[in-house]
$ cat run_1.cif   # mmCIF, C-alpha atoms
data_entry
loop_
_atom_site.label_atom_id
_atom_site.label_comp_id
_atom_site.auth_asym_id
_atom_site.auth_seq_id
_atom_site.Cartn_x
_atom_site.Cartn_y
_atom_site.Cartn_z
CA MET T 5 0.00 0.00 0.00
CA ILE T 6 1.08 3.73 -0.59
CA SER T 7 -0.15 6.88 0.09
CA THR T 8 -2.74 15.71 -2.16
CA CYS T 9 -5.65 17.43 -1.79
CA GLY T 10 -8.95 18.89 -0.72
CA VAL T 11 -8.74 19.32 3.02
CA SER T 12 -11.74 18.67 5.27
CA ILE T 13 -11.20 18.77 9.01
CA LEU T 14 -12.87 15.67 10.37
CA LEU T 15 -12.25 16.46 14.03
CA ARG T 16 -12.94 20.00 15.20
CA ARG T 17 -11.64 21.17 18.56
CA PRO T 18 -10.09 24.29 20.10
CA PHE T 19 -6.90 22.45 21.11
CA PRO T 20 -4.80 19.64 19.58
CA LEU T 21 -5.64 16.15 20.81
CA SER T 22 -1.93 15.34 20.97
CA ALA T 23 -1.44 17.99 23.67
CA LEU T 24 -4.33 16.53 25.64
CA LEU T 25 -2.89 13.04 25.38
CA ILE T 26 0.50 14.15 26.67
CA ALA T 27 -1.14 15.85 29.65
CA LEU T 28 -3.32 12.83 30.40
CA GLY T 29 -0.33 10.55 30.12
CA LEU T 30 1.55 12.61 32.70
CA LEU T 31 -1.42 12.56 35.05
CA ALA T 32 -1.56 8.80 34.74
CA ALA T 33 2.16 8.61 35.58
CA CYS T 34 2.82 6.65 32.41
CA ALA T 35 4.40 9.30 30.18
CA ARG T 36 7.13 8.09 27.81
CA ILE T 37 9.82 9.80 25.81
CA VAL T 38 8.36 10.21 22.32
CA PRO T 39 10.93 10.00 19.50
CA ALA T 40 11.22 13.03 17.28
CA GLY T 41 10.84 11.05 14.04
CA PRO T 42 8.11 8.71 12.77
CA PRO T 43 7.67 5.24 14.24
CA GLN T 44 9.99 2.70 12.72
CA SER T 45 8.87 0.20 10.13
CA SER T 46 9.00 -3.49 10.96
CA SER T 47 12.38 -3.83 9.28
CA GLN T 48 13.67 -1.03 11.52
CA GLN T 49 11.95 -2.04 14.72
CA PRO T 50 14.35 -2.99 17.50
CA ALA T 51 14.11 -6.56 18.69
CA ALA T 52 12.84 -5.31 22.07
CA VAL T 53 9.49 -4.14 20.66
CA ALA T 54 6.77 -6.38 22.08
CA ALA T 55 5.01 -8.69 19.67
CA THR T 56 1.42 -7.70 20.57
CA ALA T 57 -0.46 -4.75 22.00
CA VAL T 58 -1.00 -6.57 25.30
CA LEU T 59 2.71 -7.26 25.69
CA LEU T 60 3.66 -3.74 24.60
CA GLY T 61 1.23 -2.17 27.05
CA ALA T 62 -2.09 -0.34 26.78
CA VAL T 63 -3.39 2.55 28.89
CA ARG T 64 -7.02 3.57 29.29
CA LEU T 65 -7.77 7.27 28.86
CA PRO T 66 -10.83 9.24 29.99
CA SER T 67 -13.88 8.97 27.78
CA SER T 68 -13.94 12.77 27.67
CA THR T 69 -11.21 12.41 25.05
CA LEU T 70 -14.03 11.52 22.63
CA ALA T 71 -16.19 14.53 23.50
CA ARG T 72 -15.43 16.54 20.37
CA LEU T 73 -15.94 14.05 17.57
CA ASP T 74 -17.07 15.65 14.33
CA PRO T 75 -20.66 14.48 13.62
CA ALA T 76 -20.12 13.82 9.90
CA ASN T 77 -16.94 11.85 10.55
CA ALA T 78 -18.65 9.86 13.32
CA THR T 79 -21.54 9.01 10.99
CA SER T 80 -19.17 7.61 8.36
CA ALA T 81 -17.27 5.68 11.02
CA LEU T 82 -20.50 4.18 12.40
CA GLU T 83 -21.46 2.89 8.97
CA ALA T 84 -17.99 1.43 8.50
CA PHE T 85 -18.07 -0.13 11.97
CA ARG T 86 -21.36 -1.93 11.22
CA THR T 87 -19.85 -3.70 8.22
CA SER T 88 -17.03 -5.21 10.29
CA CYS T 89 -19.16 -6.53 13.15
CA ARG T 90 -19.53 -10.00 11.66
CA VAL T 91 -15.73 -10.29 11.75
CA ALA T 92 -15.10 -8.69 15.15
CA THR T 93 -17.70 -10.89 16.86
CA ALA T 94 -16.27 -14.10 15.43
CA ARG T 95 -12.57 -13.73 14.76
CA ASN T 96 -9.66 -14.31 17.13
CA ASP T 97 -7.93 -11.03 18.00
CA LEU T 98 -4.17 -11.32 17.52
CA SER T 99 -3.53 -8.19 19.59
CA GLY T 100 -4.82 -9.87 22.75
CA LEU T 101 -6.90 -6.79 23.60
CA THR T 102 -10.34 -8.26 22.91
CA VAL T 103 -12.30 -11.47 22.62
CA PRO T 104 -15.25 -11.91 20.23
CA SER T 105 -17.84 -11.54 23.01
CA ASP T 106 -16.56 -8.01 23.76
CA TRP T 107 -17.95 -6.84 20.44
CA GLN T 108 -21.47 -8.26 20.87
CA GLN T 109 -22.88 -5.34 22.83
CA PRO T 110 -21.57 -2.45 20.67
CA CYS T 111 -22.40 -4.33 17.49
CA SER T 112 -25.96 -5.02 18.65
CA ALA T 113 -26.36 -1.35 19.52
CA ALA T 114 -24.87 -0.19 16.21
CA ALA T 115 -27.44 -2.12 14.18
CA GLY T 116 -30.26 0.21 15.18
CA TRP T 117 -28.37 3.35 16.17
CA SER T 118 -29.46 6.63 14.57
CA ARG T 119 -27.02 8.20 12.15
CA ASP T 120 -27.76 11.57 13.75
CA GLU T 121 -26.41 10.30 17.08
CA ALA T 122 -23.28 8.58 15.76
CA ALA T 123 -20.88 10.61 17.91
CA HIS T 124 -22.84 9.63 21.02
CA PHE T 125 -22.58 5.97 19.98
CA PHE T 126 -18.79 6.00 20.20
CA ASN T 127 -18.88 7.94 23.49
CA ARG T 128 -21.37 5.49 24.97
CA HIS T 129 -19.88 2.16 23.88
CA PHE T 130 -16.11 2.66 23.70
CA VAL T 131 -13.14 3.64 25.82
CA PRO T 132 -10.08 5.28 24.21
CA VAL T 133 -6.87 3.33 24.77
CA ARG T 134 -3.30 4.29 23.98
CA ILE T 135 -1.08 1.48 22.68
CA GLY T 136 2.52 1.94 23.78
CA ASP T 137 3.36 5.64 23.60
CA GLY T 138 0.70 6.24 20.95
CA THR T 139 3.15 7.84 18.53
CA ALA T 140 1.56 7.27 15.13
CA PHE T 141 2.70 7.26 11.52
CA ALA T 142 0.15 7.03 8.70
CA THR T 143 0.42 6.73 4.95
CA GLY T 144 -2.47 6.42 2.48
CA TYR T 145 -3.73 4.13 -0.24
CA PHE T 146 -6.43 4.23 -2.87
CA GLU T 147 -8.08 2.12 -5.57
CA PRO T 148 -6.10 2.89 -8.74
CA GLN T 149 -7.53 2.73 -12.23
CA ILE T 150 -5.13 1.71 -14.98
CA ALA T 151 -5.30 0.79 -18.65
CA GLY T 152 -5.26 -2.84 -19.76
CA SER T 153 -7.07 -5.55 -21.65
CA ARG T 154 -8.32 -9.11 -21.41
CA THR T 155 -5.76 -10.26 -23.98
CA ARG T 156 -2.13 -9.27 -24.51
CA ARG T 157 -1.89 -6.39 -26.98
CA SER T 158 1.82 -5.61 -26.65
CA PRO T 159 4.95 -7.52 -25.56
CA ALA T 160 5.33 -4.89 -22.82
CA ASP T 161 1.96 -5.75 -21.28
CA VAL T 162 2.21 -7.20 -17.76
CA PRO T 163 0.11 -10.25 -16.87
CA VAL T 164 -2.23 -9.91 -13.91
CA TYR T 165 -1.94 -13.39 -12.44
CA ALA T 166 -4.52 -15.24 -10.41
CA LEU T 167 -3.39 -17.24 -7.38
CA PRO T 168 -1.01 -20.06 -8.45
CA GLY T 169 -1.93 -23.61 -7.53
CA ASP T 170 1.56 -24.43 -6.27
CA LEU T 171 1.71 -21.52 -3.81
CA GLY T 172 1.14 -22.65 -0.27
CA ARG T 173 2.57 -22.88 3.22
CA CYS T 174 5.31 -25.45 3.54
CA TRP T 175 8.60 -26.07 5.33
CA ARG T 176 11.76 -26.14 3.28
CA ASP T 177 14.22 -28.96 3.81
CA ASP T 178 16.84 -26.54 5.14
CA VAL T 179 14.62 -25.67 8.14
CA PRO T 180 15.32 -28.22 10.92
CA PRO T 181 12.22 -29.92 12.35
CA GLY T 182 12.99 -28.44 15.76
CA GLU T 183 12.68 -24.92 14.36
CA ARG T 184 9.35 -25.46 12.62
CA GLU T 185 7.13 -23.48 14.95
CA GLY T 186 3.87 -21.74 14.15
CA ARG T 187 2.60 -21.44 10.59
CA ALA T 188 4.87 -22.56 7.81
CA PRO T 189 6.03 -19.76 5.46
CA LEU T 190 4.69 -19.35 1.95
CA GLY T 191 6.62 -21.30 -0.64
CA ARG T 192 6.45 -23.33 -3.83
CA GLN T 193 5.04 -26.79 -3.19
CA LEU T 194 6.68 -29.39 -5.41
CA PRO T 195 4.91 -32.52 -6.74
CA ASP T 196 7.26 -34.75 -4.73
CA GLY T 197 6.33 -33.02 -1.49
CA GLY T 198 9.36 -30.73 -1.42
CA CYS T 199 9.23 -27.02 -0.80
CA LEU T 200 11.18 -24.12 -2.33
CA PRO T 201 10.97 -20.35 -1.97
CA TYR T 202 8.35 -19.03 -4.36
CA TYR T 203 9.39 -17.17 -7.49
CA SER T 204 10.55 -13.59 -6.93
CA ARG T 205 9.38 -10.53 -8.85
CA ALA T 206 12.41 -10.85 -11.14
CA ASP T 207 11.60 -14.53 -11.79
CA ILE T 208 7.99 -13.75 -12.61
CA GLU T 209 8.92 -10.86 -14.89
CA ALA T 210 11.29 -13.25 -16.69
CA GLY T 211 8.38 -15.60 -17.42
CA ALA T 212 8.51 -18.17 -14.60
CA LEU T 213 4.70 -18.39 -14.52
CA ASP T 214 4.00 -18.15 -18.26
CA GLY T 215 1.44 -20.74 -19.30
CA ARG T 216 1.25 -22.16 -15.78
CA VAL T 217 -0.99 -19.69 -13.92
CA PRO T 218 -4.33 -18.20 -15.05
CA VAL T 219 -4.15 -14.59 -16.25
CA ILE T 220 -7.06 -12.30 -15.36
CA ALA T 221 -5.96 -9.44 -17.61
CA TYR T 222 -2.91 -7.60 -18.93
CA ALA T 223 -1.80 -4.20 -17.63
CA ALA T 224 -0.58 -1.78 -20.28
CA ASP T 225 1.87 0.06 -18.01
CA ALA T 226 4.38 -1.76 -15.78
CA VAL T 227 4.85 1.23 -13.48
CA GLU T 228 1.12 1.70 -12.93
CA PHE T 229 0.71 -2.00 -12.24
CA PHE T 230 3.62 -1.99 -9.80
CA PHE T 231 1.80 0.59 -7.71
CA LEU T 232 -1.53 -1.17 -8.10
CA GLN T 233 0.12 -4.22 -6.55
CA ILE T 234 1.22 -2.11 -3.62
CA GLN T 235 -2.33 -0.81 -3.21
CA GLY T 236 -3.62 -4.38 -3.28
CA SER T 237 -6.68 -3.71 -5.47
CA GLY T 238 -7.75 -1.61 -8.41
CA ARG T 239 -9.59 -1.29 -11.69
CA ILE T 240 -8.35 -2.21 -15.15
CA VAL T 241 -10.11 -0.38 -17.98
CA THR T 242 -10.00 -1.97 -21.42
CA PRO T 243 -10.01 -0.09 -24.76
CA ALA T 244 -13.64 -1.14 -25.14
CA GLY T 245 -14.53 0.49 -21.80
CA GLU T 246 -14.90 -2.69 -19.77
CA VAL T 247 -13.94 -2.20 -16.11
CA ILE T 248 -12.25 -5.21 -14.55
CA ARG T 249 -12.13 -4.85 -10.77
CA ILE T 250 -9.42 -6.90 -9.08
CA GLY T 251 -8.62 -7.53 -5.43
CA TYR T 252 -5.84 -9.08 -3.42
CA ALA T 253 -5.77 -12.89 -3.53
CA GLY T 254 -2.32 -13.68 -2.16
CA GLN T 255 1.37 -12.89 -2.22
CA ASN T 256 4.48 -14.86 -3.15
CA GLY T 257 5.94 -14.91 0.35
CA ARG T 258 8.92 -12.75 -0.59
CA ALA T 259 9.88 -9.72 1.48
CA TYR T 260 8.35 -6.36 0.66
CA THR T 261 10.88 -3.61 0.00
CA GLY T 262 9.70 -0.02 -0.21
CA ILE T 263 11.54 1.46 -3.17
CA GLY T 264 10.96 4.97 -1.83
CA GLY T 265 13.26 4.18 1.06
CA VAL T 266 15.89 2.84 -1.30
CA MET T 267 15.65 5.96 -3.45
CA ARG T 268 16.00 8.17 -0.40
CA GLU T 269 19.11 6.30 0.71
CA ARG T 270 20.57 6.87 -2.76
CA GLY T 271 19.86 10.57 -2.60
CA LEU T 272 17.26 10.44 -5.38
CA LEU T 273 14.41 11.91 -3.33
CA GLY T 274 14.32 15.32 -1.70
CA ASP T 275 14.11 19.01 -2.44
CA GLY T 276 17.60 19.49 -3.85
CA PRO T 277 18.75 19.92 -7.45
CA GLY T 278 18.15 16.81 -9.54
CA GLN T 279 16.10 15.15 -6.81
CA TYR T 280 12.52 13.94 -7.13
CA PRO T 281 9.63 14.63 -4.73
CA GLY T 282 9.28 11.99 -2.04
CA SER T 283 5.66 11.19 -2.98
CA MET T 284 4.22 8.43 -5.08
CA GLN T 285 4.03 10.88 -7.96
CA GLY T 286 7.72 11.75 -7.59
CA ILE T 287 8.74 8.10 -7.49
CA MET T 288 6.69 7.34 -10.59
CA GLN T 289 8.29 10.27 -12.39
CA TYR T 290 11.75 8.86 -11.68
CA LEU T 291 10.76 5.38 -12.85
CA ARG T 292 9.46 6.74 -16.15
CA GLU T 293 12.40 9.06 -16.80
CA ASN T 294 14.93 6.32 -15.96
CA PRO T 295 13.34 3.15 -17.37
CA ARG T 296 16.35 0.81 -17.08
CA ASP T 297 17.34 1.86 -13.56
CA GLY T 298 13.67 2.09 -12.65
CA ALA T 299 13.00 -1.50 -13.71
CA ALA T 300 15.96 -2.70 -11.61
CA LEU T 301 14.69 -0.67 -8.68
CA MET T 302 11.22 -2.23 -8.88
CA ARG T 303 12.76 -5.70 -8.96
CA MET T 304 14.37 -4.96 -5.59
CA ASN T 305 10.87 -5.35 -4.20
CA GLU T 306 10.70 -9.14 -4.54
CA SER T 307 7.09 -9.27 -3.36
CA TRP T 308 4.53 -10.05 -6.06
CA VAL T 309 0.78 -9.81 -5.48
CA PHE T 310 -1.74 -12.17 -7.06
CA PHE T 311 -5.33 -11.09 -7.67
CA ARG T 312 -8.89 -12.29 -8.03
CA GLU T 313 -11.62 -10.66 -10.08
CA LEU T 314 -14.20 -8.85 -7.97
CA THR T 315 -17.91 -8.37 -8.43
CA GLY T 316 -20.22 -6.23 -6.33
CA GLU T 317 -19.14 -3.65 -3.76
CA GLY T 318 -15.46 -3.24 -3.15
CA PRO T 319 -12.56 -3.21 -2.98
CA ILE T 320 -12.39 -5.88 -0.33
CA GLY T 321 -10.10 -5.52 2.67
CA SER T 322 -8.11 -8.32 4.25
CA ILE T 323 -10.97 -9.25 6.62
CA GLY T 324 -13.38 -9.79 3.73
CA VAL T 325 -15.47 -6.61 3.98
CA PRO T 326 -15.49 -3.68 1.53
CA VAL T 327 -13.12 -0.86 2.44
CA ARG T 328 -14.63 2.62 2.42
CA GLY T 329 -12.94 5.81 1.34
CA GLN T 330 -12.05 8.14 4.26
CA SER T 331 -13.38 5.55 6.74
CA SER T 332 -11.32 2.35 6.42
CA ILE T 333 -7.80 2.01 7.74
CA ALA T 334 -5.17 -0.71 7.41
CA VAL T 335 -3.48 -1.80 10.64
CA ASP T 336 -1.10 -4.37 12.03
CA PRO T 337 -3.57 -6.79 13.69
CA ARG T 338 -1.02 -7.63 16.37
CA TYR T 339 -1.60 -4.14 17.79
CA VAL T 340 -5.10 -3.15 16.67
CA PRO T 341 -8.12 -5.50 16.63
CA TYR T 342 -9.88 -5.82 13.30
CA GLY T 343 -13.11 -3.83 13.42
CA ALA T 344 -11.86 -1.43 16.08
CA PRO T 345 -12.34 2.32 15.61
CA VAL T 346 -9.07 4.27 15.54
CA LEU T 347 -8.84 7.98 16.38
CA LEU T 348 -6.00 9.81 14.62
CA ASP T 349 -4.59 13.24 15.41
CA LEU T 350 -1.84 13.94 12.89
CA ASP T 351 0.01 16.80 11.28
CA ARG T 352 -2.06 16.04 8.16
CA ARG T 353 -5.48 17.45 9.08
CA GLU T 354 -7.39 15.67 6.34
CA ALA T 355 -6.51 12.34 7.96
CA ASN T 356 -7.67 13.33 11.46
CA GLY T 357 -10.69 11.72 13.04
CA LEU T 358 -12.23 8.26 13.34
CA TRP T 359 -11.30 5.35 11.09
CA VAL T 360 -12.19 1.66 11.32
CA ALA T 361 -9.67 -1.19 11.06
CA HIS T 362 -10.71 -3.10 7.93
CA ASP T 363 -7.45 -4.04 6.29
CA THR T 364 -3.74 -4.74 6.59
CA GLY T 365 -0.76 -4.67 4.24
CA GLY T 366 2.76 -5.96 3.80
CA ALA T 367 4.27 -2.60 4.77
CA ILE T 368 1.93 -1.97 7.70
CA ARG T 369 3.90 -3.45 10.55
CA GLY T 370 4.42 -2.36 14.13
CA PRO T 371 2.47 -0.45 16.78
CA ASN T 372 0.58 2.66 15.71
CA ARG T 373 1.44 2.21 12.03
CA PHE T 374 -1.55 2.90 9.79
CA ASP T 375 -2.56 3.19 6.14
CA THR T 376 -5.61 5.35 5.42
CA PHE T 377 -7.91 4.46 2.50
CA TRP T 378 -9.13 7.30 0.29
CA GLY T 379 -11.32 5.58 -2.32
CA ALA T 380 -10.95 5.93 -6.10
CA GLY T 381 -10.43 8.80 -8.51
CA ASP T 382 -7.95 11.61 -9.05
CA ARG T 383 -8.47 13.25 -5.66
CA ALA T 384 -8.00 9.96 -3.82
CA ARG T 385 -4.86 9.27 -5.84
CA MET T 386 -3.47 12.72 -5.08
CA ILE T 387 -4.12 12.58 -1.32
CA ALA T 388 -2.98 9.00 -0.89
CA GLY T 389 0.11 9.54 -3.01
CA GLY T 390 1.41 12.27 -0.72
CA MET T 391 0.11 11.09 2.63
CA SER T 392 2.72 10.93 5.38
CA GLY T 393 1.20 11.91 8.70
CA ARG T 394 2.76 11.89 12.15
CA GLY T 395 1.07 12.41 15.47
CA GLN T 396 -0.94 10.42 17.99
CA ALA T 397 -3.39 7.53 17.77
CA LEU T 398 -5.96 5.98 20.08
CA VAL T 399 -7.69 2.65 19.66
CA LEU T 400 -11.32 2.54 20.81
CA LEU T 401 -12.15 -0.66 22.70
CA PRO T 402 -15.52 -2.00 23.88
CA LEU T 403 -16.25 -1.38 27.55
CA THR T 404 -15.68 -4.98 28.65
CA ALA T 405 -12.31 -5.16 26.90
CA ALA T 406 -11.14 -1.82 28.27
CA ALA T 407 -12.13 -2.88 31.79
CA ARG T 408 -9.54 -5.69 31.67
CA ILE T 409 -6.63 -3.35 30.97
CA GLY T 410 -4.40 -3.01 33.99
CA GLN T 411 -5.97 -5.91 35.85
#
$ encode --input "run_1.cif" --output "structure tokens"
Amino acid sequence: MISTCGVSILLRRPFPLSALLIALGLLAACARIVPAGPPQSSSQQPAAVAATAVLLGAVRLPSSTLARLDPANATSALEAFRTSCRVATARNDLSGLTVPSDWQQPCSAAAGWSRDEAAHFFNRHFVPVRIGDGTAFATGYFEPQIAGSRTRRSPADVPVYALPGDLGRCWRDDVPPGEREGRAPLGRQLPDGGCLPYYSRADIEAGALDGRVPVIAYAADAVEFFFLQIQGSGRIVTPAGEVIRIGYAGQNGRAYTGIGGVMRERGLLGDGPGQYPGSMQGIMQYLRENPRDGAALMRMNESWVFFRELTGEGPIGSIGVPVRGQSSIAVDPRYVPYGAPVLLDLDRREANGLWVAHDTGGAIRGPNRFDTFWGAGDRARMIAGGMSGRGQALVLLPLTAAARIGQ
């Protein structure tokens, strides 16, 4: 997933929420030193970072923190919350913060709650909780629309592969039996029962899957498709005007590498002479103006996403419900329960307010790391492409779950 810009302030208040949170944290004698920069990505996280929200630590904050929710934002969040109730009330919560029964009461209430009283719903049925120090970093993603066709029209067209039949979870022979704990990693399952790492992006671009895996469509632009893979869903528009909607079906098990970080390390991004803007648009400009180096750069991201064709409402998030523009957020489920409302207060005002955890992504790892969904179209593309917000985040938990914190 990635992330400029009609601005609508979703949370109106006379003072910044971040200042309130710092004061409340001091009163609760649990203040922490907040780093000056954004939270680290999973590849940068120190080994000491706890593996779940419960192990990292959660602190309840006064419900008065929710007193100034914007009514329009709360209404959108209520509608988004309703769609995720079937998941929250049935699915195991990896964060350890909730159990399915915690969600029964707020979900039952949400079913018949008036849209005009949406802000009161969140005040009545949830308690704001800070995970760790609450220092948040948020990017954005959207549903891209790119050109393509059902059949290959040019040798440069990129196949949009469906999920391969030989992709599955298996243990390679070089992993000793004593180290085979938890779920096996994704790999290529061989007919003789063996297991190998699945093909990398470079392998697939070289034709490793040609004639072996169903092709949904062909993308006309490799750069556009590269970013569609990062988004995880999108629309392919054919010359005849057919719209093929595709959604995430799986991934090859290879590590995700953010090429923006690589470009920054190489001095390619920035505000100096000869540098490119550090947004999605700036990265795409570099890839187009430097096709050979750009292709090599994209291959550094060995992760390849496979798709399925979608019908009906969408796109579909990782928990199987449609994601909603300016309401759905991608989270690391080890730190935020799926279906939980999340309150952001960032230095990007358009991203402030309530969101609902509907999705995750390969780059969304670690506590208080989020990806905001902006929908489809040029405005969504512009906002998501430049989104990089830093500030504070709260997770809203049902009353019964919040009551267990600190016990």
$ residues_near_point --input "run_1.cif" --point "(-0.8, 9.9, -1.2)" --cutoff "8 Å" --atoms "all atoms listed in the file" --output "MDAnalysis selection string"
chainID T and resid 6:8 143:145 283:284 384:392
$ closest_residue --input "run_1.cif" --among "T:Ser67, T:Gln289, T:Asn372, T:Asn77" --to "Asp120 of chain T" --atoms "only C-alpha atoms"
T:Asn77
$ closest_residue --input "run_1.cif" --among "T:Leu70, T:Ile368, T:Leu167, T:Leu200" --to "Phe126 of chain T" --atoms "only C-alpha atoms"
T:Leu70
$ residues_around --input "run_1.cif" --residues "Gly343 of chain T" --least-positions-apart "2" --cutoff "8 Å" --atoms "only C-alpha atoms" --output "PDB file with C-alpha atoms, in the frame of the given file"
ATOM      1  CA  PHE T  85     -18.070  -0.130  11.970  1.00  0.00           C
ATOM      2  CA  SER T  88     -17.030  -5.210  10.290  1.00  0.00           C
ATOM      3  CA  CYS T  89     -19.160  -6.530  13.150  1.00  0.00           C
ATOM      4  CA  VAL T  91     -15.730 -10.290  11.750  1.00  0.00           C
ATOM      5  CA  ALA T  92     -15.100  -8.690  15.150  1.00  0.00           C
ATOM      6  CA  PRO T 341      -8.120  -5.500  16.630  1.00  0.00           C
ATOM      7  CA  PRO T 345     -12.340   2.320  15.610  1.00  0.00           C
ATOM      8  CA  VAL T 360     -12.190   1.660  11.320  1.00  0.00           C
ATOM      9  CA  ALA T 361      -9.670  -1.190  11.060  1.00  0.00           C
ATOM     10  CA  HIS T 362     -10.710  -3.100   7.930  1.00  0.00           C
TER      11      HIS T 362
END
$ residues_around --input "run_1.cif" --residues "Ala113 of chain T" --least-positions-apart "6" --cutoff "10 Å" --atoms "all atoms listed in the file" --output "VMD selection string"
chain T and resid 86 125 129
$ resolve_selection --input "run_1.cif" --expression "the PyMOL selection byres ((chain T and resi 248) around 10)" --output "PyMOL selection string"
chain T and resi 149-150+152-154+220-221+238-242+245-247+249-250+313-315
$ residues_around --input "run_1.cif" --residues "Val162 of chain T" --least-positions-apart "6" --cutoff "10 Å" --atoms "all atoms listed in the file" --output "PDB file with C-alpha atoms, keeping the file's coordinate frame"
ATOM      1  CA  GLY T 152      -5.260  -2.840 -19.760  1.00  0.00           C
ATOM      2  CA  ARG T 156      -2.130  -9.270 -24.510  1.00  0.00           C
ATOM      3  CA  GLU T 209       8.920 -10.860 -14.890  1.00  0.00           C
ATOM      4  CA  VAL T 219      -4.150 -14.590 -16.250  1.00  0.00           C
ATOM      5  CA  ALA T 221      -5.960  -9.440 -17.610  1.00  0.00           C
ATOM      6  CA  TYR T 222      -2.910  -7.600 -18.930  1.00  0.00           C
ATOM      7  CA  ALA T 223      -1.800  -4.200 -17.630  1.00  0.00           C
ATOM      8  CA  ALA T 224      -0.580  -1.780 -20.280  1.00  0.00           C
ATOM      9  CA  ASP T 225       1.870   0.060 -18.010  1.00  0.00           C
ATOM     10  CA  ALA T 226       4.380  -1.760 -15.780  1.00  0.00           C
ATOM     11  CA  VAL T 227       4.850   1.230 -13.480  1.00  0.00           C
ATOM     12  CA  PHE T 229       0.710  -2.000 -12.240  1.00  0.00           C
ATOM     13  CA  PHE T 230       3.620  -1.990  -9.800  1.00  0.00           C
TER      14      PHE T 230
END
$ closest_residue --input "run_1.cif" --among "T:Ile263, T:Glu147, T:Gln396, T:Pro181" --to "Pro326 of chain T" --atoms "all atoms listed in the file"
T:Glu147
$ atom_distance --input "run_1.cif" --atom1 "atom CA of Ile135 of chain T" --atom2 "atom CA of Leu73 of chain T"
20.1 Å
$ build_atoms --input "run_1.cif" --residues "segment 213-217 of chain T" --atoms "all heavy atoms" --output "CSV table (one decimal), in the coordinates of the input"
chain,number,residue,atom,x,y,z
T,213,LEU,N,6.1,-17.9,-14.6
T,213,LEU,CA,4.7,-18.4,-14.5
T,213,LEU,C,4.0,-18.5,-15.9
T,213,LEU,O,2.8,-18.8,-15.9
T,213,LEU,CB,3.9,-17.5,-13.6
T,213,LEU,CG,4.5,-17.3,-12.1
T,213,LEU,CD1,3.5,-16.4,-11.3
T,213,LEU,CD2,4.6,-18.7,-11.5
T,214,ASP,N,4.6,-18.1,-16.9
T,214,ASP,CA,4.0,-18.2,-18.3
T,214,ASP,C,3.4,-19.5,-18.6
T,214,ASP,O,4.1,-20.5,-18.5
T,214,ASP,CB,5.0,-17.8,-19.4
T,214,ASP,CG,5.4,-16.3,-19.4
T,214,ASP,OD1,4.8,-15.6,-18.5
T,214,ASP,OD2,6.2,-15.9,-20.2
T,215,GLY,N,2.1,-19.5,-18.9
T,215,GLY,CA,1.4,-20.7,-19.3
T,215,GLY,C,1.1,-21.7,-18.1
T,215,GLY,O,0.6,-22.7,-18.4
T,216,ARG,N,1.5,-21.3,-16.9
T,216,ARG,CA,1.2,-22.2,-15.8
T,216,ARG,C,0.2,-21.6,-14.8
T,216,ARG,O,-0.3,-22.4,-14.0
T,216,ARG,CB,2.6,-22.4,-15.0
T,216,ARG,CG,3.7,-23.0,-15.9
T,216,ARG,CD,5.0,-23.0,-15.2
T,216,ARG,NE,4.9,-23.8,-13.9
T,216,ARG,CZ,5.1,-23.3,-12.7
T,216,ARG,NH1,5.6,-22.1,-12.6
T,216,ARG,NH2,5.0,-24.0,-11.6
T,217,VAL,N,-0.1,-20.3,-14.9
T,217,VAL,CA,-1.0,-19.7,-13.9
T,217,VAL,C,-2.0,-18.9,-14.7
T,217,VAL,O,-1.7,-18.2,-15.7
T,217,VAL,CB,-0.2,-18.8,-13.0
T,217,VAL,CG1,-1.2,-18.0,-12.0
T,217,VAL,CG2,0.8,-19.6,-12.1
